[in-house]
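Undergrad: I'm passing along model37.txt; it holds compact mmCIF, C-alpha atoms.
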```txt
# COMPACT_ATOMS: atom_id res chain seq x y z
CA MET A 390 70.06 87.50 117.59
CA SER A 391 72.99 85.18 118.28
CA ASP A 392 72.45 81.80 119.88
CA ARG A 393 74.38 83.04 122.87
CA ASP A 394 71.97 85.96 123.33
CA VAL A 395 68.94 83.72 122.89
CA TYR A 396 70.33 81.45 125.58
CA ALA A 397 71.10 84.30 127.98
CA LEU A 398 67.60 85.65 127.37
CA ARG A 399 66.03 82.26 128.13
CA LEU A 400 67.90 82.02 131.43
CA GLY A 401 67.12 85.63 132.23
CA ASP A 402 63.44 85.37 131.35
CA ASP A 403 63.04 82.26 133.52
CA ALA A 404 64.42 84.22 136.46
CA LEU A 405 62.55 87.46 135.70
CA VAL A 406 59.13 85.89 135.28
CA LEU A 407 59.52 83.73 138.37
CA SER A 408 60.63 86.80 140.30
CA GLN A 409 57.55 88.71 139.20
CA ARG A 410 55.26 85.85 140.18
CA LEU A 411 56.90 85.44 143.58
CA SER A 412 56.87 89.14 144.36
CA TRP A 413 53.06 88.97 144.41
CA TRP A 414 53.38 87.20 147.77
CA SER A 415 54.94 90.28 149.30
CA SER A 416 52.51 91.23 152.12
CA ARG A 417 50.29 88.22 151.33
CA ALA A 418 52.27 85.21 152.64
CA PRO A 419 50.80 83.24 155.54
CA GLU A 420 53.33 84.72 157.97
CA LEU A 421 55.48 87.83 158.08
CA GLU A 422 58.54 85.60 158.25
CA GLU A 423 57.47 83.67 155.15
CA ASP A 424 56.64 86.91 153.41
CA LEU A 425 60.25 87.96 153.69
CA ALA A 426 61.59 84.55 152.69
CA LEU A 427 59.66 84.61 149.41
CA THR A 428 60.59 88.23 148.79
CA ASN A 429 64.27 87.39 149.27
CA ILE A 430 63.94 84.57 146.77
CA ALA A 431 62.21 86.89 144.30
CA LEU A 432 65.01 89.42 144.68
CA ASP A 433 67.68 86.77 144.09
CA GLN A 434 65.92 85.81 140.88
CA LEU A 435 65.62 89.44 139.84
CA GLY A 436 69.34 89.95 140.36
CA GLN A 437 70.13 86.98 138.13
CA ALA A 438 67.70 88.26 135.49
CA ARG A 439 69.18 91.75 135.48
CA SER A 440 72.73 90.58 134.81
CA LEU A 441 71.62 88.23 132.06
CA LEU A 442 69.29 90.71 130.33
CA ALA A 443 71.87 93.49 130.55
CA SER A 444 74.32 91.27 128.66
CA VAL A 445 71.86 91.07 125.76
CA GLY A 446 70.67 94.67 125.51
CA ASP A 447 69.08 97.43 127.57
CA GLU A 448 67.62 95.61 130.58
CA ASP A 449 64.65 97.97 130.98
CA GLU A 450 63.72 97.78 127.33
CA LEU A 451 63.94 94.01 127.40
CA ALA A 452 61.92 93.67 130.57
CA PHE A 453 59.29 96.32 130.02
CA LEU A 454 58.89 96.79 126.29
CA ARG A 455 58.82 93.28 124.90
CA GLY A 456 55.45 91.71 124.13
CA ASP A 457 54.47 88.29 125.44
CA ARG A 458 55.43 86.61 122.15
CA GLU A 459 59.00 87.83 122.61
CA TYR A 460 59.41 86.34 126.06
CA LEU A 461 61.35 83.07 126.06
CA ASN A 462 60.74 81.74 129.60
CA LEU A 463 59.58 78.24 130.40
CA LEU A 464 55.86 77.82 130.94
CA ILE A 465 56.31 76.43 134.44
CA VAL A 466 57.66 79.70 135.89
CA GLU A 467 54.72 81.73 134.61
CA GLN A 468 52.06 79.45 136.12
CA PRO A 469 49.84 81.38 138.52
CA ASN A 470 50.72 81.36 142.20
CA GLY A 471 47.53 79.55 143.17
CA ASP A 472 47.46 78.65 146.85
CA PHE A 473 50.62 78.52 148.93
CA ALA A 474 51.14 74.84 148.10
CA THR A 475 51.07 75.61 144.37
CA THR A 476 53.75 78.25 144.78
CA ILE A 477 55.86 75.82 146.81
CA ALA A 478 55.39 73.06 144.23
CA ARG A 479 56.46 75.42 141.45
CA GLN A 480 59.49 76.39 143.51
CA LEU A 481 60.41 72.77 144.17
CA LEU A 482 60.10 71.59 140.58
CA PHE A 483 61.79 74.59 139.02
CA SER A 484 64.53 75.44 141.53
CA THR A 485 65.72 71.82 141.53
CA PHE A 486 66.14 72.15 137.77
CA GLN A 487 67.55 75.68 137.92
CA LEU A 488 70.15 74.68 140.49
CA SER A 489 71.48 71.80 138.39
CA ARG A 490 71.53 74.04 135.32
CA TYR A 491 73.55 76.72 137.09
CA GLU A 492 75.87 74.06 138.54
CA ALA A 493 76.57 72.85 135.02
CA LEU A 494 77.22 76.43 133.84
CA VAL A 495 79.78 77.36 136.49
CA GLY A 496 83.01 78.11 134.65
CA HIS A 497 81.18 78.69 131.36
CA ARG A 498 83.36 80.43 128.75
CA ASP A 499 80.94 83.35 128.55
CA GLU A 500 81.86 85.74 131.35
CA VAL A 501 78.30 86.77 132.20
CA ILE A 502 76.71 83.32 132.00
CA GLY A 503 79.57 81.74 133.97
CA GLY A 504 79.58 84.59 136.49
CA VAL A 505 75.83 84.57 137.10
CA ALA A 506 75.92 80.79 137.47
CA ALA A 507 78.71 80.89 140.06
CA LYS A 508 76.83 83.44 142.17
CA ALA A 509 73.40 81.91 141.67
CA VAL A 510 74.37 78.39 142.71
CA LYS A 511 74.45 79.44 146.36
CA GLU A 512 71.25 81.44 146.08
CA VAL A 513 69.25 78.73 144.36
CA ALA A 514 70.57 76.04 146.70
CA TYR A 515 68.73 77.96 149.41
CA HIS A 516 65.61 78.33 147.25
CA ARG A 517 65.50 74.59 146.74
CA ASP A 518 66.09 73.94 150.41
CA HIS A 519 63.25 76.31 151.31
CA ALA A 520 60.92 74.51 148.89
CA VAL A 521 61.95 71.05 150.10
CA LYS A 522 61.27 71.90 153.72
CA TRP A 523 57.83 73.28 152.93
CA THR A 524 57.05 70.29 150.72
CA LEU A 525 57.87 67.96 153.61
CA ARG A 526 55.84 70.01 156.07
CA LEU A 527 52.78 70.29 153.85
CA GLY A 528 52.95 66.80 152.35
CA ASP A 529 53.52 65.11 155.69
CA GLY A 530 51.32 67.57 157.58
CA THR A 531 47.54 67.54 157.95
CA ALA A 532 45.10 65.80 155.61
CA GLU A 533 44.24 69.20 154.14
CA SER A 534 47.84 70.29 153.56
CA HIS A 535 48.68 66.88 152.07
CA ARG A 536 45.77 67.12 149.64
CA ARG A 537 46.71 70.63 148.56
CA MET A 538 50.38 69.76 148.10
CA GLN A 539 49.54 66.67 146.03
CA ASP A 540 47.06 68.64 143.92
CA ALA A 541 49.71 71.29 143.28
CA ILE A 542 52.35 68.76 142.21
CA ASP A 543 49.83 67.01 139.93
CA ALA A 544 48.70 70.29 138.36
CA LEU A 545 52.24 71.47 137.56
CA TRP A 546 53.61 68.11 136.47
CA PRO A 547 52.76 68.44 132.74
CA TYR A 548 55.03 71.51 132.56
CA VAL A 549 58.17 69.68 133.69
CA HIS A 550 58.53 68.01 130.28
CA GLU A 551 59.19 71.26 128.44
CA MET A 552 61.77 72.08 131.11
CA LEU A 553 63.60 68.76 130.79
CA ASP A 554 63.34 68.08 127.06
CA ALA A 555 66.44 67.98 124.87
CA ASP A 556 67.21 71.29 123.16
CA PRO A 557 69.87 71.59 120.42
CA LEU A 558 70.48 75.32 120.93
CA GLU A 559 70.95 74.95 124.66
CA ALA A 560 73.17 71.91 124.17
CA GLU A 561 75.32 73.96 121.81
CA VAL A 562 75.63 77.13 123.90
CA GLY A 563 75.24 75.88 127.45
CA VAL A 564 73.83 72.70 128.88
CA ASP A 565 71.27 70.36 127.34
CA PRO A 566 68.33 70.15 129.78
CA ALA A 567 67.88 66.49 128.88
CA THR A 568 71.18 65.69 130.58
CA LEU A 569 69.77 67.10 133.83
CA ARG A 570 66.63 64.97 133.78
CA GLU A 571 68.00 61.94 135.58
CA GLY A 572 69.36 63.88 138.55
CA TRP A 573 66.20 65.94 138.68
CA GLU A 574 63.91 62.91 138.70
CA GLU A 575 65.95 61.27 141.42
CA PHE A 576 65.93 64.31 143.70
CA ILE A 577 62.26 65.10 143.18
CA GLY A 578 61.28 61.45 143.55
CA GLU A 579 63.05 61.16 146.90
CA THR A 580 61.67 64.46 148.16
CA LEU A 581 58.10 63.55 147.24
CA GLU A 582 58.49 60.13 148.85
CA ASP A 583 59.82 61.68 152.07
CA ALA A 584 56.84 64.03 152.00
CA THR A 585 54.45 61.04 151.61
CA LEU A 586 53.44 62.39 148.20
CA ALA A 587 53.03 60.41 145.00
CA THR A 588 55.17 61.13 141.94
CA PRO A 589 52.65 61.64 139.11
CA GLU A 590 52.67 59.29 136.14
CA PRO A 591 53.91 61.00 132.99
CA GLY A 592 50.82 61.92 131.01
CA ASP A 593 50.24 62.59 127.32
CA TRP A 594 49.57 66.29 127.78
CA ARG A 595 52.95 68.00 127.64
CA PRO A 596 52.46 71.69 126.97
CA CYS A 597 55.43 73.49 125.45
CA GLY A 598 56.13 76.65 123.47
CA GLY A 599 57.55 78.99 126.09
CA ARG A 600 60.94 78.98 124.37
CA GLN A 601 59.19 80.05 121.15
CA GLY A 602 57.20 82.81 122.83
CA VAL A 603 53.90 80.92 122.96
CA HIS A 604 52.67 81.32 126.51
CA THR A 605 49.78 80.27 128.73
CA GLU A 606 46.67 82.27 129.43
CA GLY A 607 47.70 84.10 132.58
CA PHE A 608 51.01 85.31 131.20
CA GLY A 609 49.70 88.32 129.27
CA HIS A 610 47.95 89.60 132.35
CA MET A 611 51.03 89.18 134.49
CA LEU A 612 53.14 90.97 131.92
CA ALA A 613 50.65 93.84 131.57
CA GLU A 614 50.81 94.40 135.31
CA MET A 615 54.60 94.22 135.34
CA GLN A 616 55.00 96.63 132.42
CA SER A 617 52.20 99.13 133.03
CA LEU A 618 54.25 101.59 135.04
CA HIS A 619 57.14 101.73 132.61
CA ARG A 620 54.79 102.00 129.65
CA ALA A 621 52.86 104.88 131.25
CA HIS A 622 55.97 106.66 132.50
CA PRO A 623 58.91 105.59 130.33
CA GLY A 624 62.16 105.53 132.25
CA ALA A 625 60.48 106.19 135.60
CA THR A 626 62.79 105.69 138.57
CA TRP A 627 62.55 106.13 142.32
CA MET B 329 48.10 80.64 162.20
CA SER B 330 50.43 82.77 164.31
CA ARG B 331 48.57 81.57 167.35
CA ASP B 332 49.93 78.08 166.78
CA TRP B 333 53.50 78.98 165.95
CA PRO B 334 55.75 79.43 168.97
CA LEU B 335 57.97 82.43 169.46
CA TRP B 336 61.73 82.04 169.05
CA GLU B 337 64.51 84.34 170.19
CA VAL B 338 67.33 84.90 167.73
CA PHE B 339 71.01 85.35 168.52
CA VAL B 340 73.50 86.27 165.82
CA ARG B 341 77.29 86.19 165.95
CA ALA B 342 78.48 89.06 163.82
CA ARG B 343 82.08 87.96 163.39
CA ARG B 344 84.37 85.23 164.54
CA GLY B 345 85.61 86.07 168.01
CA LEU B 346 82.52 87.96 169.09
CA SER B 347 79.76 86.39 171.14
CA HIS B 348 76.24 85.87 169.90
CA GLN B 349 74.04 88.90 170.45
CA HIS B 350 70.29 88.89 170.86
CA VAL B 351 68.86 90.55 167.75
CA GLY B 352 65.13 89.91 167.98
CA SER B 353 62.46 87.28 167.79
CA LEU B 354 60.27 85.52 165.23
CA HIS B 355 57.54 82.93 164.82
CA ALA B 356 58.25 79.50 163.41
CA ALA B 357 56.70 76.04 163.55
CA ASP B 358 59.93 74.21 164.36
CA ALA B 359 63.63 74.76 164.97
CA GLU B 360 64.60 74.28 161.34
CA MET B 361 62.08 76.84 160.16
CA ALA B 362 63.20 79.20 162.91
CA LEU B 363 66.77 79.03 161.61
CA GLY B 364 65.61 79.62 158.05
CA ASN B 365 63.44 82.54 159.05
CA ALA B 366 66.22 84.00 161.18
CA ARG B 367 68.51 83.87 158.17
CA ASP B 368 65.94 85.74 156.10
CA LEU B 369 64.96 88.26 158.73
CA TYR B 370 68.19 89.06 160.52
CA THR B 371 71.12 88.32 158.20
CA ARG B 372 69.97 89.85 154.94
CA ARG B 373 72.81 92.35 154.97
CA GLN B 374 75.57 89.98 155.94
CA GLU B 375 75.17 90.65 159.63
CA GLY B 376 76.30 87.25 160.77
CA VAL B 377 78.42 84.15 160.55
CA SER B 378 76.40 82.05 163.00
CA ILE B 379 72.83 81.97 164.28
CA TRP B 380 71.30 80.52 167.43
CA VAL B 381 67.56 80.20 167.88
CA VAL B 382 65.99 79.39 171.23
CA ARG B 383 62.34 78.88 171.99
CA ALA B 384 61.28 81.91 173.97
CA ALA B 385 59.38 79.63 176.35
CA ASP B 386 62.63 77.86 177.25
CA ILE B 387 64.33 81.02 178.45
CA VAL B 388 64.28 81.49 182.20
CA ALA B 389 64.21 85.20 182.93
CA SER B 390 64.56 87.17 186.14
CA SER B 391 61.29 88.70 187.20
CA PRO B 392 60.73 92.47 187.25
CA GLN B 393 59.21 92.13 190.76
CA GLU B 394 62.48 90.78 192.06
CA LYS B 395 64.47 93.61 190.55
CA ASP B 396 65.29 95.21 193.89
CA ALA B 397 66.46 92.03 195.57
CA PHE B 398 68.40 90.97 192.55
CA PHE B 399 70.23 94.08 191.54
CA ASP B 400 70.08 96.87 194.12
CA PRO B 401 72.45 95.27 196.68
CA ALA B 402 75.24 95.74 194.15
CA ALA B 403 74.71 99.48 194.02
CA ASP B 404 76.81 100.51 197.06
CA LYS B 405 79.58 97.96 196.67
CA ILE B 406 81.91 100.08 194.67
CA TYR B 407 84.87 97.91 195.67
CA ARG B 408 83.57 95.38 193.18
CA HIS B 409 84.42 97.72 190.37
CA PRO B 410 88.00 97.62 189.18
CA THR B 411 88.51 101.34 189.71
CA PHE B 412 91.06 101.11 192.50
CA TYR B 413 93.94 100.11 190.35
CA GLU B 414 96.51 102.40 188.87
CA VAL B 415 96.64 101.76 185.16
CA PRO B 416 100.26 101.53 184.09
CA GLU B 417 101.20 103.92 181.34
CA GLY B 418 101.12 102.57 177.84
CA VAL B 419 98.48 99.93 178.49
CA GLU B 420 95.88 100.32 175.78
CA HIS B 421 93.62 97.34 176.17
CA LEU B 422 92.41 96.74 179.69
```
What is this structure when it is put down as structure tokens?
TA:
Amino acid sequence: MSDRDVYALRLGDDALVLSQRLSWWSSRAPELEEDLALTNIALDQLGQARSLLASVGDEDELAFLRGDREYLNLLIVEQPNGDFATTIARQLLFSTFQLSRYEALVGHRDEVIGGVAAKAVKEVAYHRDHAVKWTLRLGDGTAESHRRMQDAIDALWPYVHEMLDADPLEAEVGVDPATLREGWEEFIGETLEDATLATPEPGDWRPCGGRQGVHTEGFGHMLAEMQSLHRAHPGATW
Amino acid sequence: MSRDWPLWEVFVRARRGLSHQHVGSLHAADAEMALGNARDLYTRRQEGVSIWVVRAADIVASSPQEKDAFFDPAADKIYRHPTFYEVPEGVEHL
């Protein structure tokens, strides 16, 4: 597979896996209104994933017939939803990164990558805004919501390193994540401060491997659920 | 949780030049969230270019009990309707 395809697949898998995780909230969010907000975000991510996957091969085959070791998404997007604060923390940390990545890819020489980026910038700007507002509300809310929001940020923090580490392939084809780190740290730092939350100290445990297809425990289960229908009824549509 | 979140009425302007129309209501903790929720609930299919949200509690409404006093007196005053004018030929928008 060409470096370009690997890169498109990485971007697409990030969006697809996050979409699948978020869609779990459909009918389960704390409010009907929030239910729809998260579903909209999931659908935006799915749209991005579809265009990117379709530029690499058959989108259904790629989504439904690859095993977990062939998925190239970052570990942070596959982390379980946890409580509502955990989902919001994942959204905050990842969409801030995803937005800056798409911003850097607008006008990319590859028609699909550049095109998806141009469209997704507006979508993900809203995703980040949604996450920021909830982070402020929960962090600067009650003692209970503050505790849960801080716990969620702390629990997901180790996974931001894989997301922001330098990557030669990505630097070659698209944008090196390491160049996005400074802006990311600044934005997240300010948001957490506004939300009366502490920015965690960088620890020694920095799990990685998502880009090589080595995933965390819950991923196989998530994938099995996502793929079961297509595997039982190949090509099923409705 | 719904018990704590106030009700908001949502008004959407479909296009420039039209007025805002009432489209429905929603629950939200504050004005900002109400705007966000209104965007997600009522403009998913590009229905609008502008949204207003108003706390339902802040709307002063006429009471159903006063319906007769409020509206019936207008019923027999047909001279208030602009039906006594001859419309000149060729006028399309009146």
Undergrad: Here is a test: counting only C-alpha atoms, which residue of B:Arg372, B:Arg341, B:His409, B:Lys395 is nearest to chain A?
TA: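 Counting only C-alpha atoms, the residue closest to chain A is B:Arg372.
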Undergrad: Find the residues in chain B near chain A: any atom within 10 Å counts, using only C-alpha atoms. Write them as a PDB file with C-alpha atoms, in the coordinates of the input.
TA:
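Resulting contents of selection-v1.pdb:
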```pdb
ATOM      1  CA  MET B 329      48.100  80.640 162.200  1.00  0.00           C
ATOM      2  CA  SER B 330      50.430  82.770 164.310  1.00  0.00           C
ATOM      3  CA  TRP B 333      53.500  78.980 165.950  1.00  0.00           C
ATOM      4  CA  LEU B 354      60.270  85.520 165.230  1.00  0.00           C
ATOM      5  CA  HIS B 355      57.540  82.930 164.820  1.00  0.00           C
ATOM      6  CA  ALA B 356      58.250  79.500 163.410  1.00  0.00           C
ATOM      7  CA  ALA B 357      56.700  76.040 163.550  1.00  0.00           C
ATOM      8  CA  GLU B 360      64.600  74.280 161.340  1.00  0.00           C
ATOM      9  CA  MET B 361      62.080  76.840 160.160  1.00  0.00           C
ATOM     10  CA  ALA B 362      63.200  79.200 162.910  1.00  0.00           C
ATOM     11  CA  GLY B 364      65.610  79.620 158.050  1.00  0.00           C
ATOM     12  CA  ASN B 365      63.440  82.540 159.050  1.00  0.00           C
ATOM     13  CA  ALA B 366      66.220  84.000 161.180  1.00  0.00           C
ATOM     14  CA  ARG B 367      68.510  83.870 158.170  1.00  0.00           C
ATOM     15  CA  ASP B 368      65.940  85.740 156.100  1.00  0.00           C
ATOM     16  CA  LEU B 369      64.960  88.260 158.730  1.00  0.00           C
ATOM     17  CA  ARG B 372      69.970  89.850 154.940  1.00  0.00           C
TER      18      ARG B 372
END
```
Undergrad: Contacts of region 451-466 of chain A at 6 Å or less, counting all atoms listed in the file, minus same-chain residues fewer than 5 places along, as a ChimeraX atom specification?
TA: /A:399,402-403,407,548,599-600,602-603,616
Undergrad: One number please: CA of Val340 (chain B) to CA of Gly376 (chain B), in Å, one decimal.
TA: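 Separating CA of Val340 (chain B) from CA of Gly376 (chain B) is a distance of 5.9 Å.
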Undergrad: Would you mind listing what lies within 9 Å of Arg595 (chain A) as a ChimeraX atom specification, with all atoms listed in the file counted and same-chain residues fewer than 3 positions away left out?
TA: /A:546-551,591-592
